[in-house]
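I have placed the structure first, in the form of structure tokens, so that the comments after it can refer back to it.
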Amino acid sequence: MGPIGVFDSGYGGLTILQDIKKQLPEYDFLYLGDNARAPYGTRSFEVVYKFTLEAVTELFNRGCELVILACNTSSAKALRSIQQNDLKMIGPDKRVLGVIRPSTEIIGDLTKSNSVGLLATEGTVSSNSYVIEVKKYSPSTKIYQQACPMWVPLIESNKQNSHTGREFIREDVENLLKKDPKMDVIVLGCTHYPIIKDYIQSIVPDHVKVISQGNIVAERVLDYLNRHPKIESKCSKSATSTYLTTESTDEFDTNASYYIGEKIVSVNIKLG
Ligand code: DGL
């Protein structure tokens with residue numbers, strides 16, 4: 001028996017963990033933020049895959065039977081290879097799930113105009129994962145993408161509310177909106193972005209709804225555990241959360257506590 005692992009390049013996955021914990025309050029969770037090597041969004045496919053595999057292996061070694069990649073960039077660039085090639089070596093009975101599929105399955109239901117904007121990292125945008133996946137579930141929905149390379153560095157350094165930070169955010173949002181005036185939904189396709197969701201919602205027209213992934217992913221994890229009793233029975237339930245970071249714990253504890261509004265005491269680990 002072990003905790004459910006939740007992995008992100010940095011702080012973003014905390015937004016997903018918060019929502020998963022609301023759905024599954026009795027379970028144990030082990031969060032890993034690779035803050036020292038964030039951002040992943042501007043890194044190559046090979047590097048994101050290598051870093052993500054190291055993180056998943058670490059979480060497996062610490063007893064996790066199920067790991068959620070709470071990072072769109074890792075889900076886009078590493079999930080499939082890990083599921084298809086690595087799992088049989090590093091944990092044949094263990095499972096790794098991502099955040100893109102749950103989101104793309106329901107995007108078509110959220111829009112009336114069939115025009116959806118996606119804000120994400122360069123890595124997620126260039127992988128085209130959202131466009132490819134949404135086509136499977138909702139062929140009539142058009143996805144317009146905008147890469148926001150500055151946003152994760154801003155959030156990792158807690159500068160998202162500075163004047164310059166807000167200028168970067170506003171410019172990217174305006175560039176996305178310009179792609180189609182019919183756009184009525186904007187999906188935050190990076191788990192860091194819910195941290196600035198209120199600001200984004202405040203600068204878009206009233207008819208545009210800004211959607212984050214936390215609830216969507218949390219419902220899918222609940223559903224997954226209901227459908228996979230063997231995995232579920234190996235997830236321990238003492239309602240604890242443990243936090244690991246590759247960065248200094250002081251910095252992680254301060255920023256993570258600020259972002260999720262609860263006191264966090266992390267442990268430093270090395271990856272790679
Ligand atoms: N939270 C990650 C995501 O969802 C950010 C990736 C990065 O580190 O750039 O894509």
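In the structure tokens, each chain is lettered A, B, ... as it comes, each chain's residues begin at 1, and ligands are numbered from 1 in order of appearance.
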List all protein, DNA and RNA residues that have an atom no more than 7 Å from any atom of ligand 1, counting only C-alpha atoms and all ligand atoms, and report them as a PDB file with all heavy atoms, in the first residue's frame.
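Below is the file that was written, result-v7.pdb:
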ATOM      1  N   ASP A   8       4.551  17.381 -10.734  1.00  0.00           N
ATOM      2  CA  ASP A   8       4.580  18.542 -11.645  1.00  0.00           C
ATOM      3  C   ASP A   8       6.011  19.072 -11.700  1.00  0.00           C
ATOM      4  O   ASP A   8       6.825  18.783 -10.813  1.00  0.00           O
ATOM      5  CB  ASP A   8       3.641  19.646 -11.158  1.00  0.00           C
ATOM      6  CG  ASP A   8       3.601  20.833 -12.129  1.00  0.00           C
ATOM      7  OD1 ASP A   8       3.520  20.603 -13.352  1.00  0.00           O
ATOM      8  OD2 ASP A   8       3.701  21.987 -11.682  1.00  0.00           O
ATOM      9  N   SER A   9       6.291  19.858 -12.731  1.00  0.00           N
ATOM     10  CA  SER A   9       7.603  20.499 -12.824  1.00  0.00           C
ATOM     11  C   SER A   9       7.831  21.446 -11.643  1.00  0.00           C
ATOM     12  O   SER A   9       8.968  21.758 -11.314  1.00  0.00           O
ATOM     13  CB  SER A   9       7.704  21.287 -14.129  1.00  0.00           C
ATOM     14  OG  SER A   9       6.711  22.295 -14.143  1.00  0.00           O
ATOM     15  N   GLY A  10       6.746  21.937 -11.040  1.00  0.00           N
ATOM     16  CA  GLY A  10       6.922  22.917  -9.964  1.00  0.00           C
ATOM     17  C   GLY A  10       5.680  23.009  -9.096  1.00  0.00           C
ATOM     18  O   GLY A  10       5.194  22.003  -8.579  1.00  0.00           O
ATOM     19  N   GLY A  12       2.598  24.070 -10.072  1.00  0.00           N
ATOM     20  CA  GLY A  12       1.313  23.956 -10.764  1.00  0.00           C
ATOM     21  C   GLY A  12       0.472  22.776 -10.320  1.00  0.00           C
ATOM     22  O   GLY A  12      -0.740  22.905 -10.136  1.00  0.00           O
ATOM     23  N   GLY A  13       1.109  21.626 -10.137  1.00  0.00           N
ATOM     24  CA  GLY A  13       0.353  20.427  -9.776  1.00  0.00           C
ATOM     25  C   GLY A  13      -0.366  20.550  -8.445  1.00  0.00           C
ATOM     26  O   GLY A  13      -1.300  19.794  -8.163  1.00  0.00           O
ATOM     27  N   ALA A  38      12.374  23.424 -13.235  1.00  0.00           N
ATOM     28  CA  ALA A  38      11.281  24.109 -13.936  1.00  0.00           C
ATOM     29  C   ALA A  38      11.845  25.389 -14.556  1.00  0.00           C
ATOM     30  O   ALA A  38      12.800  25.952 -14.009  1.00  0.00           O
ATOM     31  CB  ALA A  38      10.156  24.451 -12.968  1.00  0.00           C
ATOM     32  N   PRO A  39      11.297  25.867 -15.669  1.00  0.00           N
ATOM     33  CA  PRO A  39      10.144  25.313 -16.383  1.00  0.00           C
ATOM     34  C   PRO A  39      10.517  24.171 -17.333  1.00  0.00           C
ATOM     35  O   PRO A  39      11.624  24.135 -17.848  1.00  0.00           O
ATOM     36  CB  PRO A  39       9.624  26.512 -17.186  1.00  0.00           C
ATOM     37  CG  PRO A  39      10.824  27.357 -17.445  1.00  0.00           C
ATOM     38  CD  PRO A  39      11.725  27.163 -16.245  1.00  0.00           C
ATOM     39  N   TYR A  40       9.548  23.274 -17.533  1.00  0.00           N
ATOM     40  CA  TYR A  40       9.706  22.204 -18.518  1.00  0.00           C
ATOM     41  C   TYR A  40       9.225  22.667 -19.903  1.00  0.00           C
ATOM     42  O   TYR A  40       9.592  22.092 -20.913  1.00  0.00           O
ATOM     43  CB  TYR A  40       8.843  20.999 -18.135  1.00  0.00           C
ATOM     44  CG  TYR A  40       9.414  20.070 -17.072  1.00  0.00           C
ATOM     45  CD1 TYR A  40      10.469  20.447 -16.250  1.00  0.00           C
ATOM     46  CD2 TYR A  40       8.861  18.802 -16.899  1.00  0.00           C
ATOM     47  CE1 TYR A  40      10.956  19.574 -15.279  1.00  0.00           C
ATOM     48  CE2 TYR A  40       9.355  17.923 -15.938  1.00  0.00           C
ATOM     49  CZ  TYR A  40      10.398  18.318 -15.130  1.00  0.00           C
ATOM     50  OH  TYR A  40      10.873  17.444 -14.187  1.00  0.00           O
ATOM     51  N   GLY A  41       8.344  23.681 -19.896  1.00  0.00           N
ATOM     52  CA  GLY A  41       7.620  24.048 -21.115  1.00  0.00           C
ATOM     53  C   GLY A  41       8.471  24.453 -22.294  1.00  0.00           C
ATOM     54  O   GLY A  41       8.046  24.353 -23.441  1.00  0.00           O
ATOM     55  N   THR A  42       9.691  24.918 -22.052  1.00  0.00           N
ATOM     56  CA  THR A  42      10.553  25.341 -23.152  1.00  0.00           C
ATOM     57  C   THR A  42      11.627  24.282 -23.439  1.00  0.00           C
ATOM     58  O   THR A  42      12.522  24.512 -24.246  1.00  0.00           O
ATOM     59  CB  THR A  42      11.225  26.677 -22.796  1.00  0.00           C
ATOM     60  OG1 THR A  42      11.662  26.621 -21.433  1.00  0.00           O
ATOM     61  CG2 THR A  42      10.268  27.847 -22.938  1.00  0.00           C
ATOM     62  N   ALA A  70       0.506  15.663 -13.057  1.00  0.00           N
ATOM     63  CA  ALA A  70      -0.313  16.876 -12.959  1.00  0.00           C
ATOM     64  C   ALA A  70       0.383  18.013 -13.686  1.00  0.00           C
ATOM     65  O   ALA A  70       0.505  19.128 -13.183  1.00  0.00           O
ATOM     66  CB  ALA A  70      -0.561  17.221 -11.497  1.00  0.00           C
ATOM     67  N   CYS A  71       0.868  17.708 -14.866  1.00  0.00           N
ATOM     68  CA  CYS A  71       1.655  18.637 -15.676  1.00  0.00           C
ATOM     69  C   CYS A  71       1.310  18.345 -17.127  1.00  0.00           C
ATOM     70  O   CYS A  71       1.499  17.214 -17.603  1.00  0.00           O
ATOM     71  CB  CYS A  71       3.146  18.386 -15.417  1.00  0.00           C
ATOM     72  SG  CYS A  71       4.242  19.368 -16.450  1.00  0.00           S
ATOM     73  N   ASN A  72       0.776  19.349 -17.807  1.00  0.00           N
ATOM     74  CA  ASN A  72       0.390  19.142 -19.209  1.00  0.00           C
ATOM     75  C   ASN A  72       1.596  18.855 -20.085  1.00  0.00           C
ATOM     76  O   ASN A  72       1.531  18.057 -21.008  1.00  0.00           O
ATOM     77  CB  ASN A  72      -0.334  20.376 -19.732  1.00  0.00           C
ATOM     78  CG  ASN A  72      -1.718  20.509 -19.139  1.00  0.00           C
ATOM     79  OD1 ASN A  72      -2.681  20.021 -19.701  1.00  0.00           O
ATOM     80  ND2 ASN A  72      -1.829  21.138 -17.982  1.00  0.00           N
ATOM     81  N   THR A  73       2.705  19.533 -19.791  1.00  0.00           N
ATOM     82  CA  THR A  73       3.893  19.374 -20.631  1.00  0.00           C
ATOM     83  C   THR A  73       4.410  17.934 -20.540  1.00  0.00           C
ATOM     84  O   THR A  73       4.719  17.312 -21.557  1.00  0.00           O
ATOM     85  CB  THR A  73       4.974  20.385 -20.195  1.00  0.00           C
ATOM     86  OG1 THR A  73       4.356  21.681 -20.101  1.00  0.00           O
ATOM     87  CG2 THR A  73       6.110  20.440 -21.182  1.00  0.00           C
ATOM     88  N   SER A  74       4.476  17.394 -19.327  1.00  0.00           N
ATOM     89  CA  SER A  74       4.884  15.992 -19.153  1.00  0.00           C
ATOM     90  C   SER A  74       3.845  15.054 -19.757  1.00  0.00           C
ATOM     91  O   SER A  74       4.197  14.038 -20.363  1.00  0.00           O
ATOM     92  CB  SER A  74       5.029  15.657 -17.668  1.00  0.00           C
ATOM     93  OG  SER A  74       6.122  16.322 -17.128  1.00  0.00           O
ATOM     94  N   ALA A 120      -1.259  27.598 -22.921  1.00  0.00           N
ATOM     95  CA  ALA A 120      -0.418  26.488 -22.452  1.00  0.00           C
ATOM     96  C   ALA A 120       1.051  26.831 -22.667  1.00  0.00           C
ATOM     97  O   ALA A 120       1.387  27.894 -23.201  1.00  0.00           O
ATOM     98  CB  ALA A 120      -0.789  25.206 -23.198  1.00  0.00           C
ATOM     99  N   THR A 121       1.907  25.909 -22.250  1.00  0.00           N
ATOM    100  CA  THR A 121       3.345  26.129 -22.455  1.00  0.00           C
ATOM    101  C   THR A 121       3.692  25.897 -23.933  1.00  0.00           C
ATOM    102  O   THR A 121       2.916  25.290 -24.676  1.00  0.00           O
ATOM    103  CB  THR A 121       4.180  25.164 -21.599  1.00  0.00           C
ATOM    104  OG1 THR A 121       3.960  23.829 -22.064  1.00  0.00           O
ATOM    105  CG2 THR A 121       3.831  25.260 -20.128  1.00  0.00           C
ATOM    106  N   THR A 124       3.534  22.120 -24.728  1.00  0.00           N
ATOM    107  CA  THR A 124       2.190  21.552 -24.920  1.00  0.00           C
ATOM    108  C   THR A 124       1.612  22.015 -26.256  1.00  0.00           C
ATOM    109  O   THR A 124       1.047  21.223 -27.004  1.00  0.00           O
ATOM    110  CB  THR A 124       1.270  21.975 -23.743  1.00  0.00           C
ATOM    111  OG1 THR A 124       1.849  21.468 -22.532  1.00  0.00           O
ATOM    112  CG2 THR A 124      -0.132  21.439 -23.912  1.00  0.00           C
ATOM    113  N   VAL A 152       5.076  30.385 -16.632  1.00  0.00           N
ATOM    114  CA  VAL A 152       5.582  29.472 -15.593  1.00  0.00           C
ATOM    115  C   VAL A 152       6.782  30.095 -14.862  1.00  0.00           C
ATOM    116  O   VAL A 152       6.804  30.105 -13.621  1.00  0.00           O
ATOM    117  CB  VAL A 152       5.881  28.064 -16.160  1.00  0.00           C
ATOM    118  CG1 VAL A 152       6.599  27.202 -15.119  1.00  0.00           C
ATOM    119  CG2 VAL A 152       4.578  27.381 -16.576  1.00  0.00           C
ATOM    120  N   GLY A 189      -4.484  25.255 -20.080  1.00  0.00           N
ATOM    121  CA  GLY A 189      -3.854  23.963 -20.365  1.00  0.00           C
ATOM    122  C   GLY A 189      -2.473  23.832 -19.755  1.00  0.00           C
ATOM    123  O   GLY A 189      -1.589  23.187 -20.320  1.00  0.00           O
ATOM    124  N   CYS A 190      -2.295  24.452 -18.614  1.00  0.00           N
ATOM    125  CA  CYS A 190      -1.060  24.330 -17.836  1.00  0.00           C
ATOM    126  C   CYS A 190      -1.491  24.434 -16.384  1.00  0.00           C
ATOM    127  O   CYS A 190      -2.260  25.346 -16.027  1.00  0.00           O
ATOM    128  CB  CYS A 190      -0.090  25.451 -18.186  1.00  0.00           C
ATOM    129  SG  CYS A 190       1.325  25.527 -17.060  1.00  0.00           S
ATOM    130  N   THR A 191      -1.017  23.508 -15.568  1.00  0.00           N
ATOM    131  CA  THR A 191      -1.535  23.452 -14.191  1.00  0.00           C
ATOM    132  C   THR A 191      -1.033  24.601 -13.315  1.00  0.00           C
ATOM    133  O   THR A 191      -1.530  24.792 -12.213  1.00  0.00           O
ATOM    134  CB  THR A 191      -1.207  22.095 -13.551  1.00  0.00           C
ATOM    135  OG1 THR A 191       0.209  21.878 -13.622  1.00  0.00           O
ATOM    136  CG2 THR A 191      -1.923  20.976 -14.271  1.00  0.00           C
ATOM    137  N   HIS A 192      -0.067  25.372 -13.814  1.00  0.00           N
ATOM    138  CA  HIS A 192       0.338  26.578 -13.073  1.00  0.00           C
ATOM    139  C   HIS A 192      -0.709  27.698 -13.210  1.00  0.00           C
ATOM    140  O   HIS A 192      -0.785  28.576 -12.354  1.00  0.00           O
ATOM    141  CB  HIS A 192       1.667  27.128 -13.618  1.00  0.00           C
ATOM    142  CG  HIS A 192       2.892  26.433 -13.110  1.00  0.00           C
ATOM    143  ND1 HIS A 192       3.202  25.145 -13.438  1.00  0.00           N
ATOM    144  CD2 HIS A 192       3.905  26.863 -12.307  1.00  0.00           C
ATOM    145  CE1 HIS A 192       4.366  24.818 -12.863  1.00  0.00           C
ATOM    146  NE2 HIS A 192       4.795  25.842 -12.178  1.00  0.00           N
TER     147      HIS A 192
END
Could you produce a table of the residues of region 121-214 of chain A lying within 12 Å of region 19-27 of chain A, with the nearest pair of atoms per residue and their separation in Å rounded to one decimal, using only C-alpha atoms, ordered by chain and increasing residue number, as a Markdown table?
| residue | atom | partner | partner_atom | distance |
| --- | --- | --- | --- | --- |
| A:Thr191 | CA | A:Asp19 | CA | 11.7 |
| A:Pro194 | CA | A:Asp19 | CA | 11.5 |
| A:Ser212 | CA | A:Asp19 | CA | 10.7 |
| A:Gln213 | CA | A:Asp19 | CA | 9.1 |
| A:Gly214 | CA | A:Asp19 | CA | 5.3 |
Write out as an NGL selection string the set of residues from region 39-250 of chain A that DSSP, computed on the backbone, places in alpha helix (DSSP H). :A and (45-61 or 72-77 or 79-81 or 87-90 or 100-110 or 122-127 or 129-137 or 151-156 or 163-177 or 197-203 or 214-227 or 229-232 or 249-250)
Taking the backbone alone, and naming residues the way the document does, which bits of region 113-267 of chain A are strand (DSSP E) by DSSP, as a compact mmCIF listing (two decimals) with N, CA, C and O atoms, in the first residue's frame?
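File out05.txt, as written:
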# COMPACT_ATOMS: atom_id res chain seq x y z
N SER A 115 -15.79 27.18 -30.55
CA SER A 115 -14.51 27.86 -30.68
C SER A 115 -13.88 27.98 -29.30
O SER A 115 -14.42 28.67 -28.42
N VAL A 116 -12.77 27.28 -29.10
CA VAL A 116 -12.15 27.22 -27.78
C VAL A 116 -10.70 27.68 -27.87
O VAL A 116 -9.97 27.31 -28.79
N GLY A 117 -10.30 28.50 -26.91
CA GLY A 117 -8.91 28.93 -26.84
C GLY A 117 -8.15 28.08 -25.83
O GLY A 117 -8.72 27.64 -24.84
N LEU A 118 -6.88 27.87 -26.11
CA LEU A 118 -6.03 27.12 -25.18
C LEU A 118 -4.81 27.95 -24.84
O LEU A 118 -4.07 28.39 -25.72
N LEU A 119 -4.60 28.18 -23.55
CA LEU A 119 -3.37 28.82 -23.07
C LEU A 119 -2.51 27.71 -22.47
O LEU A 119 -2.98 26.96 -21.61
N ALA A 120 -1.26 27.60 -22.92
CA ALA A 120 -0.42 26.49 -22.45
C ALA A 120 1.05 26.83 -22.67
O ALA A 120 1.39 27.89 -23.20
N LYS A 142 -13.23 23.74 -32.67
CA LYS A 142 -11.95 24.26 -33.17
C LYS A 142 -11.15 24.78 -31.98
O LYS A 142 -11.65 25.52 -31.14
N ILE A 143 -9.88 24.37 -31.92
CA ILE A 143 -9.00 24.82 -30.82
C ILE A 143 -7.99 25.84 -31.36
O ILE A 143 -7.27 25.54 -32.33
N TYR A 144 -7.95 27.00 -30.74
CA TYR A 144 -6.94 28.02 -31.06
C TYR A 144 -5.94 28.05 -29.90
O TYR A 144 -6.35 28.17 -28.75
N GLN A 145 -4.65 27.94 -30.23
CA GLN A 145 -3.66 27.80 -29.18
C GLN A 145 -2.79 29.05 -29.05
O GLN A 145 -2.45 29.68 -30.04
N GLN A 146 -2.41 29.34 -27.82
CA GLN A 146 -1.46 30.43 -27.56
C GLN A 146 -0.43 29.94 -26.54
O GLN A 146 -0.79 29.57 -25.41
N ALA A 147 0.82 29.92 -26.95
CA ALA A 147 1.89 29.55 -26.02
C ALA A 147 2.23 30.75 -25.14
O ALA A 147 2.26 31.89 -25.61
N VAL A 185 -14.85 29.95 -24.77
CA VAL A 185 -14.22 29.22 -23.67
C VAL A 185 -12.71 29.34 -23.81
O VAL A 185 -12.18 29.25 -24.92
N ILE A 186 -12.03 29.57 -22.69
CA ILE A 186 -10.57 29.50 -22.70
C ILE A 186 -10.17 28.44 -21.67
O ILE A 186 -10.56 28.51 -20.50
N VAL A 187 -9.42 27.44 -22.14
CA VAL A 187 -8.97 26.37 -21.25
C VAL A 187 -7.55 26.70 -20.79
O VAL A 187 -6.68 27.04 -21.60
N LEU A 188 -7.33 26.60 -19.49
CA LEU A 188 -5.98 26.78 -18.94
C LEU A 188 -5.29 25.42 -19.03
O LEU A 188 -5.48 24.55 -18.19
N LYS A 209 -15.69 32.10 -20.89
CA LYS A 209 -15.52 31.42 -19.61
C LYS A 209 -14.13 30.80 -19.54
O LYS A 209 -13.71 30.11 -20.47
N VAL A 210 -13.43 31.07 -18.45
CA VAL A 210 -12.08 30.52 -18.27
C VAL A 210 -12.18 29.24 -17.43
O VAL A 210 -12.76 29.25 -16.35
N ILE A 211 -11.64 28.16 -17.97
CA ILE A 211 -11.80 26.84 -17.34
C ILE A 211 -10.44 26.30 -16.89
O ILE A 211 -9.49 26.28 -17.67
N SER A 241 -0.77 14.24 3.42
CA SER A 241 -0.12 14.76 2.20
C SER A 241 1.33 15.05 2.55
O SER A 241 1.61 15.73 3.55
N THR A 242 2.24 14.55 1.72
CA THR A 242 3.67 14.78 1.92
C THR A 242 4.19 15.48 0.67
O THR A 242 3.74 15.16 -0.45
N TYR A 243 5.10 16.43 0.87
CA TYR A 243 5.56 17.24 -0.27
C TYR A 243 7.06 17.09 -0.45
O TYR A 243 7.83 17.28 0.50
N LEU A 244 7.48 16.79 -1.67
CA LEU A 244 8.89 16.69 -2.02
C LEU A 244 9.20 17.77 -3.05
O LEU A 244 8.39 18.01 -3.95
N THR A 245 10.36 18.38 -2.93
CA THR A 245 10.78 19.35 -3.94
C THR A 245 12.27 19.17 -4.23
O THR A 245 13.03 18.79 -3.34
N SER A 266 7.98 20.90 3.36
CA SER A 266 8.43 19.95 2.33
C SER A 266 9.77 19.32 2.71
O SER A 266 10.44 19.73 3.64
N VAL A 267 10.14 18.33 1.88
CA VAL A 267 11.41 17.62 2.04
C VAL A 267 12.16 17.77 0.71
O VAL A 267 11.56 17.65 -0.36
- [ ] Have a look at A:Ile100, A:Leu69, A:Leu30, A:Leu222 and name the one nearest to Ser129 (chain A); count only C-alpha atoms.
- [x]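 Of A:Ile100, A:Leu69, A:Leu30, A:Leu222, the one nearest Ser129 (chain A) is A:Ile100, counting only C-alpha atoms.
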Exercise for review: Find the distance between CA of Ile68 (chain A) and CA of Thr15 (chain A) and write it in Å to one decimal.
Suggested key: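 Between these atoms lies a distance of 12.7 Å.
Minimum atom-to-atom distance to Phe51 (chain A), evaluated using only C-alpha atoms, belongs to A:Ile82 out of A:Met183, A:Met1, A:Ile82, A:Ile107.
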Skip Asp109 (chain A) itself and residues of its chain fewer than 3 positions away, then list as a compact mmCIF listing (two decimals) with N, CA and C atoms, in the first residue's frame all residues within 12 Å of it, counting only C-alpha atoms.
# COMPACT_ATOMS: atom_id res chain seq x y z
N SER A 103 -9.28 16.37 -19.84
CA SER A 103 -9.72 17.71 -20.25
C SER A 103 -10.27 17.69 -21.68
N THR A 104 -9.58 17.00 -22.58
CA THR A 104 -10.01 17.05 -23.98
C THR A 104 -11.31 16.29 -24.20
N GLU A 105 -11.60 15.32 -23.34
CA GLU A 105 -12.85 14.57 -23.48
C GLU A 105 -14.08 15.45 -23.28
N ILE A 106 -13.94 16.49 -22.45
CA ILE A 106 -15.16 17.27 -22.15
C ILE A 106 -15.15 18.69 -22.76
N LYS A 112 -20.43 26.73 -26.71
CA LYS A 112 -21.64 26.82 -27.53
C LYS A 112 -21.26 27.19 -28.96
N SER A 113 -20.16 27.94 -29.09
CA SER A 113 -19.76 28.46 -30.42
C SER A 113 -18.80 27.51 -31.14
N ASN A 114 -18.41 26.43 -30.48
CA ASN A 114 -17.43 25.48 -31.03
C ASN A 114 -16.07 26.12 -31.28
N SER A 115 -15.79 27.18 -30.55
CA SER A 115 -14.51 27.86 -30.68
C SER A 115 -13.88 27.98 -29.30
N VAL A 116 -12.77 27.28 -29.10
CA VAL A 116 -12.15 27.22 -27.78
C VAL A 116 -10.70 27.68 -27.87
N VAL A 134 -8.86 16.58 -28.99
CA VAL A 134 -10.21 17.14 -29.06
C VAL A 134 -10.90 16.68 -30.36
N TYR A 137 -12.87 13.51 -29.78
CA TYR A 137 -14.08 13.51 -28.96
C TYR A 137 -15.11 14.53 -29.44
N SER A 138 -14.66 15.57 -30.11
CA SER A 138 -15.59 16.62 -30.55
C SER A 138 -15.06 17.23 -31.86
N PRO A 139 -15.27 16.51 -32.98
CA PRO A 139 -14.66 16.94 -34.25
C PRO A 139 -15.07 18.34 -34.70
N SER A 140 -16.25 18.82 -34.23
CA SER A 140 -16.68 20.15 -34.70
C SER A 140 -16.07 21.29 -33.88
N THR A 141 -15.35 20.97 -32.82
CA THR A 141 -14.77 22.03 -31.98
C THR A 141 -13.40 22.44 -32.51
N ASP A 184 -15.69 31.28 -26.98
CA ASP A 184 -16.47 31.49 -25.75
C ASP A 184 -15.91 30.74 -24.54
N VAL A 185 -14.85 29.95 -24.77
CA VAL A 185 -14.22 29.22 -23.67
C VAL A 185 -12.71 29.34 -23.81
One residue among A:Lys50, A:Lys237, A:Arg170, A:Lys263 is nearest to Leu79 (chain A) when using only C-alpha atoms, and that residue is A:Lys50
Among A:Val217, A:Leu225, A:Ile196, A:Cys148, Val125 (chain A) is approached most closely, using only C-alpha atoms, by A:Cys148
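The nearest approach to Asn175 (chain A) among the residues A:Val204, A:Ile264, A:Ser127, A:Ile132, with only C-alpha atoms taken into account, belongs to A:Val204.
Computed from the coordinates, the CA of Phe29 (chain A) to CA of Arg43 (chain A) distance equals 27.4 Å.
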If I take CA of Ile4 (chain A) and CA of Gln83 (chain A), how far is one from the other in Å, to one decimal?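 Separation between CA of Ile4 (chain A) and CA of Gln83 (chain A): 16.8 Å.
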**Q.** Contact residues around Lys94 (chain A) with only C-alpha atoms at 10 Å, ignoring same-chain residues under 5 positions, as an MDAnalysis selection string
**A.** chainID A and resid 60 64:67 83 87:88 231 234
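Distances here use only C-alpha atoms; by that measure, the residue among A:Leu59, A:His207, A:Glu156, A:Ser75 closest to Ile90 (chain A) is A:Leu59.
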